[in-house]
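*Asks:* File name run.cif; file contents mmCIF, C-alpha atoms; full text below.
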data_final
loop_
_atom_site.group_PDB
_atom_site.id
_atom_site.type_symbol
_atom_site.label_atom_id
_atom_site.label_comp_id
_atom_site.auth_asym_id
_atom_site.auth_seq_id
_atom_site.Cartn_x
_atom_site.Cartn_y
_atom_site.Cartn_z
ATOM 1 C CA MET E 28 -132.830 135.977 -185.592
ATOM 2 C CA GLN E 29 -133.496 133.871 -188.661
ATOM 3 C CA ARG E 30 -136.979 134.006 -190.151
ATOM 4 C CA VAL E 31 -138.630 130.649 -190.766
ATOM 5 C CA GLN E 32 -140.046 130.239 -194.269
ATOM 6 C CA SER E 33 -143.646 129.252 -194.783
ATOM 7 C CA THR E 34 -144.433 125.981 -196.528
ATOM 8 C CA ARG E 35 -145.476 127.921 -199.626
ATOM 9 C CA GLU E 36 -142.172 129.799 -199.702
ATOM 10 C CA VAL E 37 -140.184 126.570 -199.428
ATOM 11 C CA ILE E 38 -142.151 124.892 -202.233
ATOM 12 C CA VAL E 39 -141.847 127.915 -204.526
ATOM 13 C CA THR E 40 -138.108 128.229 -203.787
ATOM 14 C CA VAL E 41 -137.501 124.559 -204.570
ATOM 15 C CA ALA E 42 -139.586 124.834 -207.757
ATOM 16 C CA VAL E 43 -137.612 127.871 -208.939
ATOM 17 C CA ASN E 44 -134.324 126.074 -208.196
ATOM 18 C CA LEU E 45 -135.490 123.037 -210.203
ATOM 19 C CA MET E 46 -136.539 125.321 -213.067
ATOM 20 C CA SER E 47 -133.181 127.079 -213.075
ATOM 21 C CA ALA E 48 -131.229 123.820 -213.005
ATOM 22 C CA ALA E 49 -133.375 122.398 -215.827
ATOM 23 C CA ALA E 50 -132.798 125.508 -217.941
ATOM 24 C CA VAL E 51 -129.037 125.080 -217.508
ATOM 25 C CA LYS E 52 -129.202 121.392 -218.465
ATOM 26 C CA LEU E 53 -131.349 122.258 -221.498
ATOM 27 C CA GLY E 54 -128.672 124.677 -222.683
ATOM 28 C CA LEU E 55 -130.928 127.722 -222.277
ATOM 29 C CA THR E 56 -128.413 129.851 -220.360
ATOM 30 C CA GLU E 57 -125.545 132.024 -221.579
ATOM 31 C CA GLU E 58 -123.178 129.059 -221.329
ATOM 32 C CA GLY E 59 -125.510 127.199 -223.682
ATOM 33 C CA GLU E 60 -124.071 123.926 -224.865
ATOM 34 C CA GLU E 61 -121.354 123.839 -222.199
ATOM 35 C CA HIS E 62 -123.677 122.403 -219.529
ATOM 36 C CA LYS E 63 -126.315 120.811 -221.774
ATOM 37 C CA ASP E 64 -127.328 117.333 -220.621
ATOM 38 C CA LEU E 65 -130.774 116.170 -221.715
ATOM 39 C CA ASP E 66 -130.766 113.131 -219.433
ATOM 40 C CA GLU E 67 -130.279 115.392 -216.418
ATOM 41 C CA ALA E 68 -132.788 117.913 -217.797
ATOM 42 C CA ARG E 69 -135.413 115.167 -218.121
ATOM 43 C CA LYS E 70 -134.997 114.232 -214.449
ATOM 44 C CA LEU E 71 -135.207 117.852 -213.284
ATOM 45 C CA VAL E 72 -138.302 118.648 -215.364
ATOM 46 C CA HIS E 73 -139.971 115.458 -214.169
ATOM 47 C CA ALA E 74 -139.187 116.326 -210.530
ATOM 48 C CA LEU E 75 -140.556 119.844 -211.022
ATOM 49 C CA ALA E 76 -143.791 118.491 -212.522
ATOM 50 C CA GLY E 77 -144.172 116.043 -209.636
ATOM 51 C CA LEU E 78 -143.588 118.772 -207.062
ATOM 52 C CA LEU E 79 -146.135 121.087 -208.671
ATOM 53 C CA ASP E 80 -148.670 118.286 -208.986
ATOM 54 C CA ALA E 81 -148.248 117.260 -205.358
ATOM 55 C CA SER E 82 -148.368 120.803 -204.011
ATOM 56 C CA THR E 83 -151.375 122.248 -205.845
ATOM 57 C CA THR E 84 -153.343 122.518 -202.618
ATOM 58 C CA GLU E 85 -150.394 123.995 -200.721
ATOM 59 C CA ILE E 86 -149.611 126.978 -202.942
ATOM 60 C CA SER E 87 -152.044 129.558 -204.236
ATOM 61 C CA SER E 88 -152.928 129.897 -207.894
ATOM 62 C CA PHE E 89 -151.075 133.246 -207.752
ATOM 63 C CA HIS E 90 -147.847 131.272 -207.240
ATOM 64 C CA ALA E 91 -148.791 128.109 -209.124
ATOM 65 C CA ALA E 92 -149.771 129.689 -212.460
ATOM 66 C CA PRO E 93 -146.342 131.142 -213.350
ATOM 67 C CA LEU E 94 -144.636 127.962 -212.144
ATOM 68 C CA ARG E 95 -146.876 125.862 -214.405
ATOM 69 C CA ASP E 96 -146.147 128.228 -217.313
ATOM 70 C CA GLY E 97 -142.422 127.841 -216.662
ATOM 71 C CA LEU E 98 -142.785 124.069 -216.508
ATOM 72 C CA LYS E 99 -144.589 124.016 -219.862
ATOM 73 C CA SER E 100 -141.854 126.180 -221.396
ATOM 74 C CA LEU E 101 -139.201 123.764 -220.145
ATOM 75 C CA GLN E 102 -141.163 120.780 -221.450
ATOM 76 C CA LEU E 103 -141.432 122.418 -224.874
ATOM 77 C CA ALA E 104 -137.727 123.311 -224.839
ATOM 78 C CA PHE E 105 -136.921 119.696 -224.001
ATOM 79 C CA ARG E 106 -139.075 118.486 -226.896
ATOM 80 C CA GLU E 107 -137.271 120.913 -229.248
ATOM 81 C CA ALA E 108 -133.818 119.895 -228.017
ATOM 82 C CA SER E 109 -134.449 116.152 -228.329
ATOM 83 C CA LEU E 110 -133.099 114.493 -231.435
ATOM 84 C CA VAL E 111 -135.746 111.784 -231.082
ATOM 85 C CA PRO E 112 -138.883 113.385 -229.627
ATOM 86 C CA ASP E 113 -140.897 111.478 -227.044
ATOM 87 C CA GLU E 114 -144.381 110.318 -227.943
ATOM 88 C CA PRO E 115 -147.095 112.726 -226.686
ATOM 89 C CA GLY E 116 -147.612 112.102 -222.983
ATOM 90 C CA GLN E 117 -144.203 110.419 -222.586
ATOM 91 C CA GLY E 118 -142.031 113.537 -222.226
ATOM 92 C CA PRO E 119 -140.574 114.675 -218.927
ATOM 93 C CA GLY E 120 -143.292 115.491 -216.421
ATOM 94 C CA GLU E 121 -146.103 114.656 -218.819
ATOM 95 C CA LYS E 122 -147.137 111.874 -216.463
ATOM 96 C CA TYR E 123 -148.354 114.725 -214.232
ATOM 97 C CA THR E 124 -149.309 117.409 -216.767
ATOM 98 C CA GLY E 125 -150.623 115.389 -219.658
ATOM 99 C CA PRO E 126 -149.236 115.801 -223.181
ATOM 100 C CA VAL E 127 -147.592 119.140 -223.960
ATOM 101 C CA TYR E 128 -147.911 120.569 -227.449
ATOM 102 C CA GLY E 129 -146.185 123.614 -228.911
#
What is this structure when it is put down as C-alpha coordinates?

*Replies:*
Amino acid sequence: MQRVQSTREVIVTVAVNLMSAAAVKLGLTEEGEEHKDLDEARKLVHALAGLLDASTTEISSFHAAPLRDGLKSLQLAFREASLVPDEPGQGPGEKYTGPVYG
(Lines of atoms letter the chains of each structure in order from A and count residues from 1; the text may use other names and numbers.)
(Lines give C-alpha, C1' and ligand atoms only; values in the text may rest on other atoms or scores of the structure.)
Protein backbone atom coordinates (compact mmCIF):
# COMPACT_ATOMS: atom_id res chain seq x y z
CA MET A 1 0.00 0.00 0.00
CA GLN A 2 1.31 3.42 -0.96
CA ARG A 3 1.66 5.99 1.80
CA VAL A 4 0.06 9.36 1.12
CA GLN A 5 2.37 12.32 1.72
CA SER A 6 1.33 15.13 4.01
CA THR A 7 0.93 18.62 2.58
CA ARG A 8 4.17 19.65 4.29
CA GLU A 9 6.06 16.75 2.72
CA VAL A 10 4.77 17.63 -0.75
CA ILE A 11 5.72 21.30 -0.39
CA VAL A 12 9.19 20.48 0.94
CA THR A 13 9.75 17.90 -1.83
CA VAL A 14 8.74 20.38 -4.53
CA ALA A 15 10.94 23.08 -2.96
CA VAL A 16 13.96 20.75 -2.88
CA ASN A 17 13.35 19.76 -6.52
CA LEU A 18 13.18 23.45 -7.53
CA MET A 19 16.39 24.13 -5.60
CA SER A 20 18.18 21.24 -7.28
CA ALA A 21 17.04 22.27 -10.75
CA ALA A 22 18.08 25.89 -10.09
CA ALA A 23 21.52 24.76 -8.92
CA VAL A 24 21.97 22.82 -12.17
CA LYS A 25 20.89 25.81 -14.28
CA LEU A 26 23.24 28.08 -12.30
CA GLY A 27 26.14 25.78 -13.15
CA LEU A 28 26.70 24.78 -9.51
CA THR A 29 26.86 21.02 -10.13
CA GLU A 30 29.72 18.80 -11.28
CA GLU A 31 28.68 19.32 -14.90
CA GLY A 32 29.07 23.06 -14.31
CA GLU A 33 28.82 25.06 -17.49
CA GLU A 34 27.31 22.21 -19.50
CA HIS A 35 23.76 22.86 -18.24
CA LYS A 36 24.11 26.52 -17.23
CA ASP A 37 21.16 28.64 -18.34
CA LEU A 38 20.56 31.81 -16.34
CA ASP A 39 17.17 32.49 -17.92
CA GLU A 40 15.93 29.09 -16.74
CA ALA A 41 17.64 29.56 -13.36
CA ARG A 42 15.84 32.88 -12.87
CA LYS A 43 12.46 31.22 -13.44
CA LEU A 44 13.23 28.35 -11.05
CA VAL A 45 14.51 30.62 -8.27
CA HIS A 46 11.49 32.88 -8.68
CA ALA A 47 9.13 29.88 -8.50
CA LEU A 48 10.90 28.61 -5.38
CA ALA A 49 10.60 32.02 -3.69
CA GLY A 50 6.90 32.18 -4.56
CA LEU A 51 6.28 28.69 -3.22
CA LEU A 52 8.07 29.43 0.05
CA ASP A 53 6.26 32.74 0.43
CA ALA A 54 2.87 31.15 -0.19
CA SER A 55 3.48 28.19 2.09
CA THR A 56 4.89 29.86 5.20
CA THR A 57 1.83 28.92 7.23
CA GLU A 58 1.80 25.36 5.87
CA ILE A 59 5.32 24.27 6.79
CA SER A 60 7.01 24.61 10.15
CA SER A 61 9.95 26.90 10.75
CA PHE A 62 12.00 23.70 11.22
CA HIS A 63 11.47 22.99 7.51
CA ALA A 64 11.20 26.57 6.26
CA ALA A 65 14.47 27.93 7.69
CA PRO A 66 16.86 25.69 5.69
CA LEU A 67 14.75 26.16 2.56
CA ARG A 68 14.97 29.95 2.95
CA ASP A 69 18.74 29.67 3.49
CA GLY A 70 19.02 27.60 0.32
CA LEU A 71 16.92 30.13 -1.58
CA LYS A 72 19.18 32.98 -0.45
CA SER A 73 22.25 31.01 -1.52
CA LEU A 74 20.74 30.47 -4.97
CA GLN A 75 19.81 34.15 -5.24
CA LEU A 76 23.38 35.15 -4.36
CA ALA A 77 24.79 32.61 -6.82
CA PHE A 78 22.53 34.04 -9.51
CA ARG A 79 23.73 37.57 -8.73
CA GLU A 80 27.37 36.37 -8.97
CA ALA A 81 26.78 34.53 -12.25
CA SER A 82 25.01 37.44 -13.95
CA LEU A 83 27.12 39.53 -16.28
CA VAL A 84 24.77 42.47 -15.69
CA PRO A 85 23.51 42.27 -12.10
CA ASP A 86 19.89 43.11 -11.37
CA GLU A 87 19.12 46.19 -9.31
CA PRO A 88 18.54 45.36 -5.61
CA GLY A 89 15.03 43.97 -5.24
CA GLN A 90 14.79 43.04 -8.94
CA GLY A 91 16.63 39.69 -8.84
CA PRO A 92 14.86 36.36 -9.06
CA GLY A 93 12.46 35.86 -6.18
CA GLU A 94 13.27 39.21 -4.60
CA LYS A 95 9.66 40.23 -5.19
CA TYR A 96 8.91 37.79 -2.35
CA THR A 97 12.07 37.98 -0.23
CA GLY A 98 13.10 41.58 -0.60
CA PRO A 99 16.59 42.55 -1.78
CA VAL A 100 19.33 39.98 -1.22
CA TYR A 101 22.83 41.18 -0.43
CA GLY A 102 26.01 39.13 -0.17

*Asks:* So which residues touch Asp64 in chain E within 12 Å, counting all atoms listed in the file, skipping near sequence neighbours fewer than 5 positions away, as a PyMOL selection string?

*Replies:* chain E and resi 48-55+59+69-71+105+108-109

*Asks:* Could you check how far CA of Gly116 in chain E sits from CA of Thr83 in chain E, in Å to one decimal?

*Replies:*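 Going from CA of Gly116 in chain E over to CA of Thr83 in chain E covers 20.3 Å.
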
*Asks:* Ranking E:Met28, E:Ala104, E:Ile38, E:Leu75 by minimum distance to Thr124 in chain E and counting only C-alpha atoms, which one comes first?

*Replies:*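 Between E:Met28, E:Ala104, E:Ile38, E:Leu75, the residue approaching Thr124 in chain E most closely is E:Leu75.
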
*Asks:* Could you write out as a list in words the residues that the PyMOL selection byres ((chain E and resi 123) around 8) matches in the shown file?

*Replies:*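 So the PyMOL selection byres ((chain E and resi 123) around 8), applied here, picks out Ala76, Gly77, Asp80, Gly120, Glu121, Lys122, Thr124 and Gly125 of chain E.
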
*Asks:* Let me see the file: selected residues, C-alpha atoms, as a PDB file, in the frame of the given file.

*Replies:*
ATOM      1  CA  ALA E  76    -143.791 118.491-212.522  1.00  0.00           C
ATOM      2  CA  GLY E  77    -144.172 116.043-209.636  1.00  0.00           C
ATOM      3  CA  ASP E  80    -148.670 118.286-208.986  1.00  0.00           C
ATOM      4  CA  GLY E 120    -143.292 115.491-216.421  1.00  0.00           C
ATOM      5  CA  GLU E 121    -146.103 114.656-218.819  1.00  0.00           C
ATOM      6  CA  LYS E 122    -147.137 111.874-216.463  1.00  0.00           C
ATOM      7  CA  THR E 124    -149.309 117.409-216.767  1.00  0.00           C
ATOM      8  CA  GLY E 125    -150.623 115.389-219.658  1.00  0.00           C
TER       9      GLY E 125
END

*Asks:* Could you check how far CA of Gln29 in chain E sits from CA of Ala81 in chain E, in Å to one decimal?

*Replies:*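 Separation of CA of Gln29 in chain E and CA of Ala81 in chain E: 27.8 Å.
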
*Asks:* Please report the interatomic distance between CA of Glu57 in chain E and CA of Asp96 in chain E in Å with one decimal.

*Replies:*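 Value for the CA of Glu57 in chain E-CA of Asp96 in chain E distance: 21.4 Å.
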
*Asks:* Which residues are close to Arg35 in chain E, i.e. within 8 Å by only C-alpha atoms, leaving aside same-chain residues fewer than 4 positions away? Reply as a CSV table (one decimal) with C-alpha atoms, keeping the file's coordinate frame.

*Replies:*
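Below is the file part-v9.csv, written as the result:
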chain,number,residue,atom,x,y,z
E,39,VAL,CA,-141.8,127.9,-204.5
E,85,GLU,CA,-150.4,124.0,-200.7
E,86,ILE,CA,-149.6,127.0,-202.9

*Asks:* For Leu79 in chain E, which of E:Gly129, E:Glu107, E:Val43, E:Pro112 is the closest residue, counting all atoms listed in the file?

*Replies:*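 Ranked by minimum distance to Leu79 in chain E, first place goes to E:Val43.
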
*Asks:* So for range 78-95 of chain E, what box centre and size do we get, axis-aligned, 4 Å extra on each of the six sides, every listed atom, Å to one decimal, as JSON?

*Replies:*
{"center_x": -148.5, "center_y": 125.3, "center_z": -207.6, "size_x": 17.8, "size_y": 24.0, "size_z": 21.7}

*Asks:* Counting only C-alpha atoms, which residue out of E:Pro119, E:Thr34, E:Val41, E:Leu94 sits closest to Asp66 in chain E?

*Replies:* E:Pro119

*Asks:* Since the input lacks some atoms of range 67-87 of chain E, please model N, CA and C atoms and print them as a PDB file, keeping the file's coordinate frame.

*Replies:*
ATOM      1  N   GLU E  67    -130.112 114.666-217.676  1.00  0.00           N
ATOM      2  CA  GLU E  67    -130.279 115.392-216.418  1.00  0.00           C
ATOM      3  C   GLU E  67    -131.473 116.339-216.490  1.00  0.00           C
ATOM      4  N   ALA E  68    -131.657 117.000-217.625  1.00  0.00           N
ATOM      5  CA  ALA E  68    -132.788 117.913-217.797  1.00  0.00           C
ATOM      6  C   ALA E  68    -134.105 117.170-217.643  1.00  0.00           C
ATOM      7  N   ARG E  69    -134.194 115.975-218.225  1.00  0.00           N
ATOM      8  CA  ARG E  69    -135.413 115.167-218.121  1.00  0.00           C
ATOM      9  C   ARG E  69    -135.761 114.919-216.653  1.00  0.00           C
ATOM     10  N   LYS E  70    -134.771 114.533-215.870  1.00  0.00           N
ATOM     11  CA  LYS E  70    -134.997 114.232-214.449  1.00  0.00           C
ATOM     12  C   LYS E  70    -135.461 115.476-213.690  1.00  0.00           C
ATOM     13  N   LEU E  71    -134.841 116.613-213.976  1.00  0.00           N
ATOM     14  CA  LEU E  71    -135.207 117.852-213.284  1.00  0.00           C
ATOM     15  C   LEU E  71    -136.618 118.312-213.648  1.00  0.00           C
ATOM     16  N   VAL E  72    -136.962 118.239-214.927  1.00  0.00           N
ATOM     17  CA  VAL E  72    -138.302 118.648-215.364  1.00  0.00           C
ATOM     18  C   VAL E  72    -139.348 117.706-214.773  1.00  0.00           C
ATOM     19  N   HIS E  73    -139.039 116.425-214.753  1.00  0.00           N
ATOM     20  CA  HIS E  73    -139.971 115.458-214.169  1.00  0.00           C
ATOM     21  C   HIS E  73    -140.172 115.732-212.671  1.00  0.00           C
ATOM     22  N   ALA E  74    -139.093 116.019-211.964  1.00  0.00           N
ATOM     23  CA  ALA E  74    -139.187 116.326-210.530  1.00  0.00           C
ATOM     24  C   ALA E  74    -140.002 117.598-210.303  1.00  0.00           C
ATOM     25  N   LEU E  75    -139.795 118.601-211.134  1.00  0.00           N
ATOM     26  CA  LEU E  75    -140.556 119.844-211.022  1.00  0.00           C
ATOM     27  C   LEU E  75    -142.047 119.579-211.232  1.00  0.00           C
ATOM     28  N   ALA E  76    -142.380 118.804-212.252  1.00  0.00           N
ATOM     29  CA  ALA E  76    -143.791 118.491-212.522  1.00  0.00           C
ATOM     30  C   ALA E  76    -144.408 117.742-211.344  1.00  0.00           C
ATOM     31  N   GLY E  77    -143.668 116.792-210.784  1.00  0.00           N
ATOM     32  CA  GLY E  77    -144.172 116.043-209.636  1.00  0.00           C
ATOM     33  C   GLY E  77    -144.394 116.934-208.429  1.00  0.00           C
ATOM     34  N   LEU E  78    -143.451 117.836-208.182  1.00  0.00           N
ATOM     35  CA  LEU E  78    -143.588 118.772-207.062  1.00  0.00           C
ATOM     36  C   LEU E  78    -144.814 119.657-207.240  1.00  0.00           C
ATOM     37  N   LEU E  79    -144.986 120.208-208.431  1.00  0.00           N
ATOM     38  CA  LEU E  79    -146.135 121.087-208.671  1.00  0.00           C
ATOM     39  C   LEU E  79    -147.449 120.325-208.579  1.00  0.00           C
ATOM     40  N   ASP E  80    -147.466 119.109-209.075  1.00  0.00           N
ATOM     41  CA  ASP E  80    -148.670 118.286-208.986  1.00  0.00           C
ATOM     42  C   ASP E  80    -149.020 117.992-207.530  1.00  0.00           C
ATOM     43  N   ALA E  81    -148.019 117.639-206.757  1.00  0.00           N
ATOM     44  CA  ALA E  81    -148.248 117.260-205.358  1.00  0.00           C
ATOM     45  C   ALA E  81    -148.583 118.456-204.468  1.00  0.00           C
ATOM     46  N   SER E  82    -148.197 119.646-204.889  1.00  0.00           N
ATOM     47  CA  SER E  82    -148.368 120.803-204.011  1.00  0.00           C
ATOM     48  C   SER E  82    -149.477 121.755-204.447  1.00  0.00           C
ATOM     49  N   THR E  83    -150.336 121.340-205.349  1.00  0.00           N
ATOM     50  CA  THR E  83    -151.375 122.248-205.845  1.00  0.00           C
ATOM     51  C   THR E  83    -152.262 122.797-204.733  1.00  0.00           C
ATOM     52  N   THR E  84    -152.499 122.018-203.703  1.00  0.00           N
ATOM     53  CA  THR E  84    -153.343 122.518-202.618  1.00  0.00           C
ATOM     54  C   THR E  84    -152.555 123.336-201.600  1.00  0.00           C
ATOM     55  N   GLU E  85    -151.235 123.306-201.701  1.00  0.00           N
ATOM     56  CA  GLU E  85    -150.394 123.995-200.721  1.00  0.00           C
ATOM     57  C   GLU E  85    -149.986 125.400-201.151  1.00  0.00           C
ATOM     58  N   ILE E  86    -149.987 125.643-202.460  1.00  0.00           N
ATOM     59  CA  ILE E  86    -149.611 126.978-202.942  1.00  0.00           C
ATOM     60  C   ILE E  86    -150.795 127.583-203.682  1.00  0.00           C
ATOM     61  N   SER E  87    -150.914 128.879-203.612  1.00  0.00           N
ATOM     62  CA  SER E  87    -152.044 129.558-204.236  1.00  0.00           C
ATOM     63  C   SER E  87    -151.895 129.582-205.749  1.00  0.00           C
TER      64      SER E  87
END
